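Have a look at work.cif; it's mmCIF, C-alpha atoms:
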data_start
loop_
_atom_site.label_atom_id
_atom_site.label_comp_id
_atom_site.auth_asym_id
_atom_site.auth_seq_id
_atom_site.Cartn_x
_atom_site.Cartn_y
_atom_site.Cartn_z
CA MET A 1 -13.57 40.45 82.01
CA ASN A 2 -13.25 37.05 80.34
CA GLN A 3 -16.94 36.98 79.52
CA LYS A 4 -16.73 40.38 77.88
CA HIS A 5 -13.73 39.30 75.86
CA SER A 6 -15.53 36.12 74.80
CA ARG A 7 -18.55 38.07 73.57
CA LEU A 8 -16.31 40.35 71.52
CA LEU A 9 -14.64 37.36 69.83
CA LYS A 10 -18.02 35.82 68.94
CA LEU A 11 -19.24 39.12 67.51
CA TRP A 12 -16.09 39.50 65.44
CA GLY A 13 -16.44 35.94 64.07
CA LEU A 14 -20.03 36.63 63.09
CA LEU A 15 -19.01 39.78 61.23
CA LEU A 16 -16.31 37.88 59.29
CA THR A 17 -18.78 35.19 58.27
CA MET A 18 -21.28 37.77 57.01
CA MET A 19 -18.57 39.58 55.03
CA THR A 20 -17.47 36.31 53.37
CA VAL A 21 -21.05 35.42 52.37
CA LEU A 22 -21.61 38.91 50.94
CA ALA A 23 -18.37 38.74 48.96
CA MET A 24 -19.27 35.35 47.46
CA THR A 25 -22.75 36.60 46.59
CA ALA A 26 -21.21 39.58 44.83
CA MET A 27 -18.88 37.31 42.86
CA VAL A 28 -21.80 35.17 41.67
CA THR A 29 -23.99 38.15 40.90
CA TYR A 30 -21.32 40.07 39.04
CA ALA A 31 -19.38 37.20 37.31
CA ALA A 32 -17.75 38.36 34.05
CA PRO A 33 -19.59 37.33 30.85
CA LYS A 34 -17.81 34.79 28.57
CA ILE A 35 -18.07 33.86 24.88
CA SER A 36 -18.33 30.15 24.02
CA LYS A 37 -15.45 30.18 21.48
CA LYS A 38 -12.49 32.51 21.08
CA LYS A 39 -11.51 31.05 17.72
CA VAL A 40 -13.10 28.67 15.23
CA THR A 41 -12.35 27.27 11.76
CA LEU A 42 -15.17 26.77 9.26
CA LEU A 43 -15.44 25.71 5.65
CA THR A 44 -17.39 27.84 3.21
CA GLY A 45 -21.11 27.35 3.77
CA GLN A 46 -20.73 25.94 7.27
CA LYS A 47 -22.40 27.52 10.32
CA VAL A 48 -21.77 27.70 14.06
CA THR A 49 -23.69 29.37 16.88
CA LEU A 50 -21.71 31.41 19.41
CA LYS A 51 -23.10 31.98 22.92
CA VAL A 52 -22.38 34.41 25.74
CA THR A 53 -22.79 33.17 29.32
CA GLY A 54 -22.54 34.92 32.68
CA THR A 55 -24.90 37.80 31.91
CA LYS A 56 -28.59 38.60 31.49
CA LYS A 57 -27.91 41.76 29.58
CA THR A 58 -28.65 42.18 25.88
CA VAL A 59 -25.86 40.95 23.59
CA THR A 60 -25.18 42.79 20.33
CA TRP A 61 -23.37 40.81 17.60
CA SER A 62 -21.28 42.14 14.71
CA SER A 63 -18.74 40.95 12.10
CA SER A 64 -15.57 42.75 11.11
CA LYS A 65 -15.81 41.36 7.56
CA LYS A 66 -19.24 40.31 6.35
CA SER A 67 -17.84 39.10 3.03
CA VAL A 68 -15.97 36.36 4.96
CA ALA A 69 -18.43 35.57 7.78
CA THR A 70 -21.79 36.96 8.84
CA VAL A 71 -23.51 36.74 12.24
CA THR A 72 -27.18 36.98 13.22
CA LYS A 73 -28.77 38.68 16.24
CA LYS A 74 -28.69 35.30 17.97
CA GLY A 75 -24.98 34.67 17.35
CA LYS A 76 -25.28 32.26 14.39
CA VAL A 77 -22.15 32.60 12.22
CA THR A 78 -22.14 31.65 8.51
CA ALA A 79 -18.88 31.17 6.58
CA LYS A 80 -19.03 32.97 3.23
CA LYS A 81 -15.59 32.82 1.59
CA LYS A 82 -11.94 32.13 2.36
CA GLY A 83 -10.38 34.55 4.83
CA THR A 84 -10.58 35.66 8.46
CA ALA A 85 -13.12 37.78 10.32
CA THR A 86 -13.64 38.81 13.94
CA ILE A 87 -17.07 38.26 15.45
CA THR A 88 -17.73 40.67 18.34
CA ALA A 89 -20.32 40.22 21.07
CA LYS A 90 -20.96 43.51 22.93
CA VAL A 91 -22.38 43.30 26.45
CA GLY A 92 -22.84 46.77 27.90
CA SER A 93 -19.43 48.39 27.56
CA LYS A 94 -17.61 45.03 27.36
CA LYS A 95 -16.61 43.43 24.04
CA LEU A 96 -16.05 39.69 23.61
CA LYS A 97 -14.34 38.49 20.43
CA CYS A 98 -14.05 35.29 18.39
CA LYS A 99 -11.64 34.89 15.47
CA VAL A 100 -13.29 33.01 12.57
CA THR A 101 -11.07 31.41 9.92
CA VAL A 102 -12.85 30.34 6.76
CA GLN A 103 -11.18 27.78 4.50
CA ALA A 104 -12.22 26.64 1.02
CA PRO A 105 -10.97 23.06 0.42
CA LYS A 106 -10.85 21.65 -3.10
CA LEU A 107 -10.19 18.10 -4.29
CA ASN A 108 -7.82 18.01 -7.25
CA LYS A 109 -9.93 15.48 -9.18
CA LYS A 110 -13.65 14.75 -9.42
CA LYS A 111 -13.16 11.65 -11.57
CA ALA A 112 -10.17 9.58 -12.67
CA THR A 113 -9.18 6.27 -14.25
CA VAL A 114 -6.70 3.98 -12.51
CA LYS A 115 -5.48 0.68 -13.96
CA ILE A 116 -5.32 -2.46 -11.83
CA GLY A 117 -2.15 -2.36 -9.73
CA LYS A 118 -1.49 1.31 -10.51
CA LYS A 119 -1.74 4.26 -8.11
CA LEU A 120 -3.05 7.81 -8.13
CA THR A 121 -2.63 10.41 -5.41
CA LEU A 122 -5.64 12.61 -4.64
CA LYS A 123 -4.85 15.93 -3.00
CA MET A 124 -6.96 18.34 -1.01
CA THR A 125 -5.91 21.98 -1.23
CA GLY A 126 -7.16 25.05 0.60
CA THR A 127 -7.28 23.56 4.10
CA THR A 128 -5.02 22.82 7.04
CA GLN A 129 -7.53 20.53 8.73
CA THR A 130 -7.32 16.75 9.10
CA ILE A 131 -8.58 14.83 6.05
CA THR A 132 -10.24 11.41 6.35
CA TRP A 133 -10.22 9.20 3.23
CA LYS A 134 -12.64 6.37 2.46
CA THR A 135 -13.52 4.15 -0.51
CA SER A 136 -17.00 2.91 -1.33
CA ASP A 137 -15.70 -0.42 -2.66
CA LYS A 138 -12.36 -1.94 -1.61
CA THR A 139 -12.66 -4.61 -4.29
CA VAL A 140 -12.39 -1.90 -6.95
CA ALA A 141 -10.06 0.69 -5.41
CA THR A 142 -8.40 1.28 -2.05
CA VAL A 143 -7.23 4.57 -0.56
CA THR A 144 -4.63 5.25 2.12
CA LYS A 145 -4.61 7.82 4.91
CA LYS A 146 -2.61 10.05 2.57
CA GLY A 147 -5.04 9.87 -0.34
CA VAL A 148 -3.12 7.32 -2.43
CA VAL A 149 -5.65 5.42 -4.55
CA LYS A 150 -4.79 1.96 -5.94
CA GLY A 151 -6.73 0.10 -8.61
CA ILE A 152 -7.73 -3.38 -7.39
CA GLY A 153 -10.38 -4.78 -9.72
CA ALA A 154 -12.49 -3.68 -12.67
CA GLY A 155 -15.44 -1.43 -11.79
CA THR A 156 -16.18 1.97 -10.28
CA ALA A 157 -15.74 3.25 -6.73
CA THR A 158 -16.23 6.59 -5.01
CA ILE A 159 -13.38 7.99 -2.96
CA THR A 160 -14.61 10.35 -0.25
CA ALA A 161 -12.46 12.93 1.53
CA THR A 162 -14.04 14.34 4.70
CA VAL A 163 -12.90 17.67 6.17
CA LEU A 164 -14.70 19.08 9.21
CA LYS A 165 -17.72 16.87 8.38
CA LYS A 166 -17.87 18.21 4.82
CA LYS A 167 -17.50 15.57 2.10
CA PHE A 168 -15.68 15.77 -1.24
CA THR A 169 -15.86 12.92 -3.74
CA CYS A 170 -13.96 11.54 -6.72
CA LYS A 171 -15.33 8.81 -8.98
CA ILE A 172 -12.65 6.21 -9.74
CA THR A 173 -12.98 3.93 -12.77
CA VAL A 174 -10.80 0.81 -12.92
CA PRO A 175 -10.78 -0.83 -16.38
CA GLU A 176 -10.43 -4.54 -17.06
CA ALA A 177 -6.85 -5.81 -16.81
CA GLU A 178 -5.01 -6.12 -20.09
CA THR A 179 -3.84 -9.59 -21.09
CA GLU A 180 -0.08 -9.81 -21.35
CA LYS A 181 1.04 -9.71 -24.99
CA PRO A 182 3.30 -12.59 -26.02
CA ALA A 183 6.65 -12.07 -27.61
CA ASP A 184 6.84 -12.06 -31.40
CA ALA A 185 7.25 -15.72 -32.33
CA SER A 186 9.07 -14.84 -35.55
CA SER A 187 11.99 -13.40 -33.59
CA ASP A 188 12.51 -16.54 -31.51
CA SER A 189 15.31 -18.87 -32.60
CA GLY A 190 13.07 -21.89 -32.02
CA SER A 191 10.37 -20.76 -34.48
CA SER A 192 10.20 -21.89 -38.07
CA GLY A 193 9.52 -19.36 -40.75
CA ASP A 194 6.14 -20.90 -41.66
CA ASP A 195 4.60 -20.63 -38.16
CA LYS A 196 1.25 -18.87 -38.72
CA SER A 197 -0.20 -19.29 -35.22
CA SER A 198 -1.06 -16.10 -33.30
CA ASP A 199 -2.79 -17.79 -30.36
CA ALA A 200 -0.34 -17.90 -27.43
CA GLY A 201 -0.39 -21.29 -25.80
CA SER A 202 -2.15 -23.18 -28.55
CA SER A 203 -1.84 -26.94 -28.00
CA ASP A 204 -3.56 -28.17 -31.17
CA SER A 205 -2.08 -31.58 -31.88
CA GLY A 206 -2.59 -30.91 -35.57
CA ASP A 207 -0.18 -27.96 -35.57
CA LYS A 208 2.43 -28.62 -38.25
CA THR A 209 4.82 -25.88 -37.14
CA ASP A 210 8.24 -26.60 -35.72
CA THR A 211 7.82 -28.06 -32.23
CA THR A 212 11.44 -28.86 -31.46
CA GLY A 213 12.11 -25.64 -29.51
CA PHE A 214 10.23 -23.43 -27.08
CA VAL A 215 8.19 -20.60 -28.63
CA PHE A 216 6.45 -18.39 -26.10
CA ALA A 217 3.68 -17.30 -28.48
CA ARG A 218 2.87 -20.92 -29.22
CA ASP A 219 3.74 -22.72 -26.00
CA CYS A 220 2.42 -20.36 -23.32
CA LYS A 221 -0.83 -18.55 -22.64
CA VAL A 222 -1.24 -15.88 -19.94
CA THR A 223 -4.61 -14.99 -18.43
CA THR A 224 -5.22 -12.26 -15.87
CA GLY A 225 -7.79 -11.74 -13.16
CA THR A 226 -8.21 -10.86 -9.49
CA GLN A 227 -8.15 -12.78 -6.22
CA THR A 228 -9.07 -11.83 -2.65
CA ILE A 229 -6.37 -12.83 -0.18
CA TYR A 230 -5.62 -12.27 3.47
CA ILE A 231 -2.04 -11.17 3.74
CA GLU A 232 -0.06 -10.97 6.97
CA PHE A 233 3.67 -10.46 7.11
CA LYS A 234 6.35 -9.30 9.50
CA ILE A 235 7.43 -5.74 8.82
CA ASN A 236 11.09 -5.43 7.91
CA LYS A 237 11.92 -2.40 10.04
CA ASP A 238 15.28 -2.04 8.29
CA THR A 239 13.47 -0.94 5.15
CA THR A 240 9.93 0.02 6.22
CA SER A 241 8.38 1.51 9.37
CA GLU A 242 5.09 0.56 11.02
CA GLU A 243 3.89 4.10 10.32
CA GLU A 244 4.47 3.60 6.59
CA MET A 245 2.44 0.39 6.67
CA GLU A 246 -0.42 2.11 8.50
CA ALA A 247 -0.31 4.94 5.97
CA LEU A 248 -0.73 2.32 3.22
CA GLY A 249 -3.92 1.10 4.91
CA TYR A 250 -2.65 -2.01 6.73
CA THR A 251 -3.59 -3.17 10.22
CA VAL A 252 -0.38 -3.13 12.25
CA LYS A 253 0.00 -5.20 15.42
CA ASP A 254 3.02 -6.65 17.21
CA GLY A 255 5.32 -5.88 14.29
CA TYR A 256 3.04 -7.54 11.68
CA ALA A 257 0.98 -5.91 8.93
CA SER A 258 -2.23 -7.54 7.66
CA ASP A 259 -5.22 -6.88 5.43
CA ASN A 260 -7.84 -8.53 3.21
CA VAL A 261 -7.16 -7.26 -0.28
CA VAL A 262 -8.33 -7.96 -3.81
CA CYS A 263 -5.15 -8.50 -5.82
CA GLU A 264 -4.30 -8.70 -9.50
CA THR A 265 -3.35 -12.18 -10.73
CA ALA A 266 -1.68 -13.74 -13.77
CA THR A 267 -1.92 -17.44 -14.66
CA TYR A 268 0.79 -18.90 -16.91
CA ILE A 269 -0.20 -22.02 -18.86
CA PHE A 270 2.68 -23.85 -20.57
CA THR A 271 2.19 -26.68 -23.06
CA LYS A 272 5.98 -26.97 -23.11
CA LEU A 273 8.55 -25.62 -20.65
CA PRO A 274 11.55 -23.52 -21.69
CA GLU A 275 14.82 -25.40 -21.30
CA THR A 276 17.59 -22.96 -22.23
CA PHE A 277 18.65 -19.46 -21.28
CA GLU A 278 17.47 -18.18 -24.66
CA ASP A 279 14.11 -19.93 -24.18
CA ILE A 280 13.58 -18.22 -20.83
CA LYS A 281 14.61 -14.84 -22.25
CA SER A 282 11.66 -15.05 -24.62
CA ILE A 283 9.24 -14.71 -21.67
CA PRO A 284 8.09 -11.06 -21.73
CA LEU A 285 9.17 -8.84 -18.82
CA SER A 286 6.70 -6.12 -19.78
CA THR A 287 4.48 -6.84 -16.74
CA LYS A 288 5.35 -7.19 -13.06
CA PHE A 289 4.66 -10.95 -13.31
CA GLY A 290 7.14 -11.63 -16.12
CA PRO A 291 10.40 -11.80 -14.14
CA VAL A 292 8.88 -14.13 -11.53
CA ALA A 293 7.46 -16.44 -14.21
CA ALA A 294 10.92 -16.53 -15.80
CA SER A 295 12.49 -17.24 -12.39
CA ILE A 296 10.20 -20.23 -11.85
CA CYS A 297 11.05 -21.54 -15.32
CA ALA A 298 14.74 -21.09 -14.52
CA CYS A 299 14.28 -23.21 -11.41
CA ALA A 300 12.54 -25.89 -13.47
CA ALA A 301 15.40 -25.90 -15.99
CA PHE A 302 18.18 -25.80 -13.37
CA ASP A 303 20.92 -28.41 -13.79
CA GLU A 304 23.51 -28.44 -11.04
CA THR A 305 26.00 -30.58 -12.97
CA LYS A 306 25.96 -28.64 -16.22
CA THR A 307 28.41 -30.33 -18.59
CA GLY A 308 31.82 -28.68 -18.57
CA ILE A 309 31.17 -26.46 -15.53
CA THR A 310 34.14 -26.57 -13.16
CA ASN A 311 33.55 -23.27 -11.32
CA GLN A 312 30.11 -22.56 -9.91
CA TYR A 313 30.47 -18.84 -10.68
CA THR A 314 30.52 -19.70 -14.39
CA HIS A 315 27.27 -21.65 -14.13
CA PRO A 316 24.62 -20.32 -16.57
CA ILE A 317 22.24 -19.73 -13.63
CA PHE A 318 24.39 -16.75 -12.57
CA GLU A 319 23.98 -15.19 -16.01
CA MET A 320 20.27 -15.82 -15.62
CA MET A 321 20.24 -14.03 -12.24
CA ASP A 322 21.95 -10.98 -13.75
CA TYR A 323 19.49 -10.96 -16.65
CA LEU A 324 16.44 -11.15 -14.39
CA ASN A 325 17.82 -8.45 -12.06
CA GLY A 326 18.09 -5.96 -14.89
CA PRO A 327 20.94 -4.03 -16.51
CA THR A 328 21.66 -1.77 -13.53
CA LEU A 329 21.58 -4.22 -10.61
CA THR A 330 24.31 -6.80 -10.05
CA ILE A 331 24.25 -9.57 -7.44
CA ASN A 332 27.60 -10.06 -5.70
CA ASN A 333 29.27 -13.48 -5.78
CA VAL A 334 28.55 -14.17 -2.10
CA ALA A 335 24.81 -13.76 -2.67
CA LYS A 336 25.00 -15.75 -5.91
CA SER A 337 26.80 -18.57 -4.13
CA GLY A 338 24.14 -18.66 -1.42
CA ILE A 339 21.33 -18.81 -3.98
CA PHE A 340 23.20 -21.50 -5.94
CA ASP A 341 23.55 -23.62 -2.80
CA SER A 342 19.85 -23.21 -2.05
CA MET A 343 18.94 -24.23 -5.57
CA ARG A 344 21.25 -27.24 -5.45
CA ASN A 345 19.93 -28.39 -2.08
CA THR A 346 16.28 -27.73 -2.86
CA LEU A 347 15.87 -28.46 -6.55
CA SER A 348 18.53 -30.95 -7.62
CA LEU A 349 18.23 -33.73 -5.07
CA VAL A 350 16.02 -36.67 -5.90
CA ASP A 351 13.76 -36.12 -2.89
CA LYS A 352 12.96 -32.53 -3.90
CA GLY A 353 11.28 -31.07 -6.95
CA LYS A 354 12.21 -28.54 -9.60
CA LEU A 355 8.56 -28.62 -10.69
CA ALA A 356 7.07 -28.11 -7.23
CA TYR A 357 5.78 -24.62 -8.16
CA PHE A 358 3.36 -25.94 -10.80
CA ASN A 359 -0.27 -26.88 -10.14
CA GLY A 360 -0.87 -30.51 -9.27
CA ALA A 361 2.61 -31.07 -7.84
CA THR A 362 2.39 -32.23 -4.22
CA PRO A 363 4.64 -33.99 -1.72
CA ALA A 364 2.34 -37.03 -2.02
CA ASN A 365 2.97 -37.49 -5.77
CA GLY A 366 6.67 -36.64 -5.72
CA TYR A 367 6.02 -33.15 -7.07
CA THR A 368 4.66 -34.36 -10.40
CA PRO A 369 2.64 -31.51 -11.95
CA THR A 370 -0.45 -31.84 -14.09
CA LYS A 371 -0.31 -30.87 -17.76
CA PRO A 372 -0.38 -28.31 -19.17
CA TYR A 373 2.13 -26.85 -16.71
CA THR A 374 0.31 -24.09 -14.84
CA PHE A 375 0.95 -21.67 -11.98
CA THR A 376 -0.76 -18.50 -10.77
CA LEU A 377 1.08 -15.41 -9.53
CA VAL A 378 -0.51 -12.80 -7.27
CA HIS A 379 0.49 -9.15 -7.08
CA GLY A 380 0.65 -8.68 -3.33
CA PRO A 381 -0.79 -5.42 -2.01
CA TYR A 382 2.34 -4.67 0.02
CA TYR A 383 5.07 -2.62 -1.57
CA ILE A 384 8.21 -0.84 -0.40
CA PRO A 385 8.17 2.83 -1.42
CA ALA A 386 11.08 4.24 -3.38
CA LYS A 387 13.93 5.38 -1.17
CA ALA A 388 16.67 7.97 -1.54
CA SER A 389 20.34 7.18 -2.01
CA THR A 390 21.75 4.44 0.21
CA ILE A 391 25.18 2.97 0.78
CA ALA A 392 24.17 -0.35 -0.81
CA HIS A 393 22.49 1.36 -3.78
CA PRO A 394 24.02 4.83 -4.42
CA GLN A 395 21.50 5.59 -7.16
CA GLY A 396 18.64 5.08 -4.72
CA GLU A 397 16.18 2.19 -4.45
CA PRO A 398 13.11 1.97 -6.73
CA GLU A 399 9.60 1.18 -5.59
CA ARG A 400 9.41 -2.58 -5.08
CA HIS A 401 6.36 -4.81 -5.39
CA MET A 402 5.69 -8.28 -3.96
CA ILE A 403 4.70 -11.11 -6.31
CA LEU A 404 3.31 -14.11 -4.44
CA ILE A 405 2.97 -17.78 -5.37
CA SER A 406 1.26 -20.58 -3.45
CA PHE A 407 2.22 -24.22 -3.95
CA ALA A 408 1.89 -27.50 -2.09
CA GLY A 409 5.57 -27.61 -1.21
CA ASP A 410 5.20 -24.90 1.41
CA GLU A 411 2.81 -23.96 4.20
CA ALA A 412 2.54 -20.30 3.23
CA GLN A 413 2.85 -18.11 0.16
CA ARG A 414 6.33 -17.26 -1.06
CA TYR A 415 7.26 -14.06 -2.81
CA VAL A 416 9.78 -12.33 -5.01
CA ASP A 417 10.23 -8.54 -5.00
CA VAL A 418 10.14 -6.89 -8.42
CA TYR A 419 10.74 -3.34 -9.64
CA HIS A 420 9.99 -1.34 -12.78
CA SER A 421 13.07 -0.17 -14.65
CA GLY A 422 13.65 2.87 -16.80
CA ASP A 423 13.83 0.65 -19.90
CA GLY A 424 10.13 -0.22 -19.48
CA ASN A 425 10.64 -3.78 -18.21
CA TRP A 426 10.16 -5.34 -14.78
CA TYR A 427 12.99 -7.17 -13.00
CA THR A 428 13.59 -9.13 -9.80
CA TRP A 429 15.09 -7.16 -6.94
CA ASP A 430 18.55 -7.99 -5.63
CA ASN A 431 18.70 -11.52 -4.14
CA SER A 432 14.96 -12.01 -3.55
CA TRP A 433 15.25 -15.14 -5.72
CA GLN A 434 16.27 -16.96 -2.56
CA HIS A 435 12.67 -16.76 -1.29
CA LEU A 436 11.67 -19.15 -4.09
CA VAL A 437 14.37 -21.73 -3.51
CA ALA A 438 14.33 -22.10 0.26
CA SER A 439 13.71 -25.61 1.60
CA MET A 440 10.41 -27.31 0.76
CA LYS A 441 8.43 -30.22 2.15
CA THR A 442 10.00 -33.64 1.54
CA PRO A 443 7.77 -35.68 -0.78
CA THR A 444 6.36 -39.03 0.26
CA THR A 445 7.55 -40.65 -2.94
CA ALA A 446 9.88 -39.66 -5.74
CA SER A 447 8.63 -40.03 -9.30
CA TRP A 448 11.91 -39.66 -11.19
#
Rewrite the coordinates I just gave you, this time as structure tokens.
Amino acid sequence: MNQKHSRLLKLWGLLLTMMTVLAMTAMVTYAAPKISKKKVTLLTGQKVTLKVTGTKKTVTWSSSKKSVATVTKKGKVTAKKKGTATITAKVGSKKLKCKVTVQAPKLNKKKATVKIGKKLTLKMTGTTQTITWKTSDKTVATVTKKGVVKGIGAGTATITATVLKKKFTCKITVPEAETEKPADASSDSGSSGDDKSSDAGSSDSGDKTDTTGFVFARDCKVTTGTQTIYIEFKINKDTTSEEEMEALGYTVKDGYASDNVVCETATYIFTKLPETFEDIKSIPLSTKFGPVAASICACAAFDETKTGITNQYTHPIFEMMDYLNGPTLTINNVAKSGIFDSMRNTLSLVDKGKLAYFNGATPANGYTPTKPYTFTLVHGPYYIPAKASTIAHPQGEPERHMILISFAGDEAQRYVDVYHSGDGNWYTWDNSWQHLVASMKTPTTASW
């Protein structure tokens, strides 16, 4: 009885195994056909080949809208114009479909002119796909991930926008930088009526004009150019995010932003330094460099013990701060006091130097500059975008730019933030003056 039962169990197991094998064979033999893509996005003129797998039967292809996309007998789809079409692959009685979306991107400009330090935003319309931006020459023009082009140096560069491997280009021309125009010498109180000189910064010893006062047109010359610098700075997350820095084209790591950038420069050459508030006011603020040049001259002219000054808040330097910050931005007394203390501690003491910012001044020579008095300012590539209304500045904050200066009294470059006002001039931002007057290296010897 047991043997008979055992044989029945073996027979039943064999039958189950055979049924399983047959079922699996049927599944492989009769697997449902599949189309390689159920939806695809193409740009006009682009092609893609669709495939049907899982069948040996003949596949018949068709398009629901041939004006948008066509398809060949072998499943090759060609995008014709903007719109949508359904590509159908018919296998026996079964229909497999792929939705084709055709987009027609367009770059808003094919050529443009951008001045050094200025920006232009290129826009791609007619697509929802990711756009990759690239410049052919970073020394001429840079471009961010959002298509913001900035003029760096004179020349031409091609900006390329790539969408789904299709390229769109814009030729950017950056003209030579304009030399800053000096103030009209005839309007300066220090100029005599018979001054005929039109060459800013002329130092001809035979000049018979009045030389008792400072005249910008006569005593200063400004030349412009470009300079490649490596800039690395800690991101102030209170005002700017790491994402914003990346969008501007910077390398962001561990809270720092860095890049090698060709920057606009301005060199100020003084044969005589301004000494009074009115002298300094004659320095033009028509370029982004002007307010920083005036700030450096104010430091050089700073006198802590101004005759008759009994209250530090009445010191002329505070009037100077208000002037350089523009008509709409006022520094509070706490900030002014802090800057005044920094100036007193850094500039007035015998072992420091009010002329440390000028070329030739080093700790080794007691901060004695060479003559003529010269310094070079660099328009840093980093800027803080304009921001909406804030508690500190109810009218909103303007776009702010970084102006850098290198000098022997410090290990690294220092900077002052500047902004462009509605009156057409540039001014220093808030209390960024303090970056200039922080402590410097103690000189080996004092020369005064």
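Of the listed residues A:Leu50, A:Ile131, A:Ile116, A:Ala361, the one whose atoms come nearest to Lys165 of chain A is A:Ile131, with distances taken using only C-alpha atoms.
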Here's the selection I'm unsure about, the PyMOL selection byres ((chain A and resi 324-340) around 9); applied to the file above, which residues does it give, as a PyMOL selection string?
chain A and resi 281+285+291-292+294-295+304+312-313+317-323+341-345+393+418+421+425-431+433-434+437-438
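Counting only C-alpha atoms, Trp61 of chain A has the following residues at most 6 Å away, ignoring those fewer than 2 positions along the same chain: Lys73, Thr88 and Ala89 of chain A.
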Residues proximal to (13.4, 1.6, 6.3) were defined as those with any atom within 12 Å of that point in the file's coordinates, counting all atoms listed in the file. Which are they, as a PyMOL selection string?
chain A and resi 235-245+384-388+390+397
Selected by the PyMOL selection byres ((chain A and resi 82) around 6) in the shown coordinates: which residues, as a ChimeraX atom specification?
/A:81,83,102-104
Please write the residues picked by the PyMOL selection byres ((chain A and resi 278) around 12) on this file as a PyMOL selection string.
chain A and resi 187-190+213-216+274-277+279-283+294+297-298+301+316+319-320+323
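Picture a line from atom CA of Thr121 of chain A to atom CA of Val148 of chain A; it runs 4.3 Å.
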Which one is closest to Gly45 of chain A: A:Pro105, A:Pro284, A:Pro33, A:Gly75? Count all atoms listed in the file.
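For Gly45 of chain A, the nearest of the given residues is A:Pro105.
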If you measure from atom CA of Lys441 of chain A to atom CA of Tyr230 of chain A, what distance in Å do you get, rounded to one decimal?
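Spanning atom CA of Lys441 of chain A to atom CA of Tyr230 of chain A is a straight-line distance of 22.8 Å.
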Choose the residue, out of A:Val100, A:Leu42, A:Ala266, A:Ala85, that has the smallest atom-to-atom separation from Val163 of chain A; count all atoms listed in the file.
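Of the candidates, the smallest distance to Val163 of chain A is held by A:Leu42.
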What separation in Å, quoted to one decimal, exists between atom CA of Gly147 of chain A and atom CA of Leu43 of chain A?
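Atom CA of Gly147 of chain A sits 19.9 Å away from atom CA of Leu43 of chain A.
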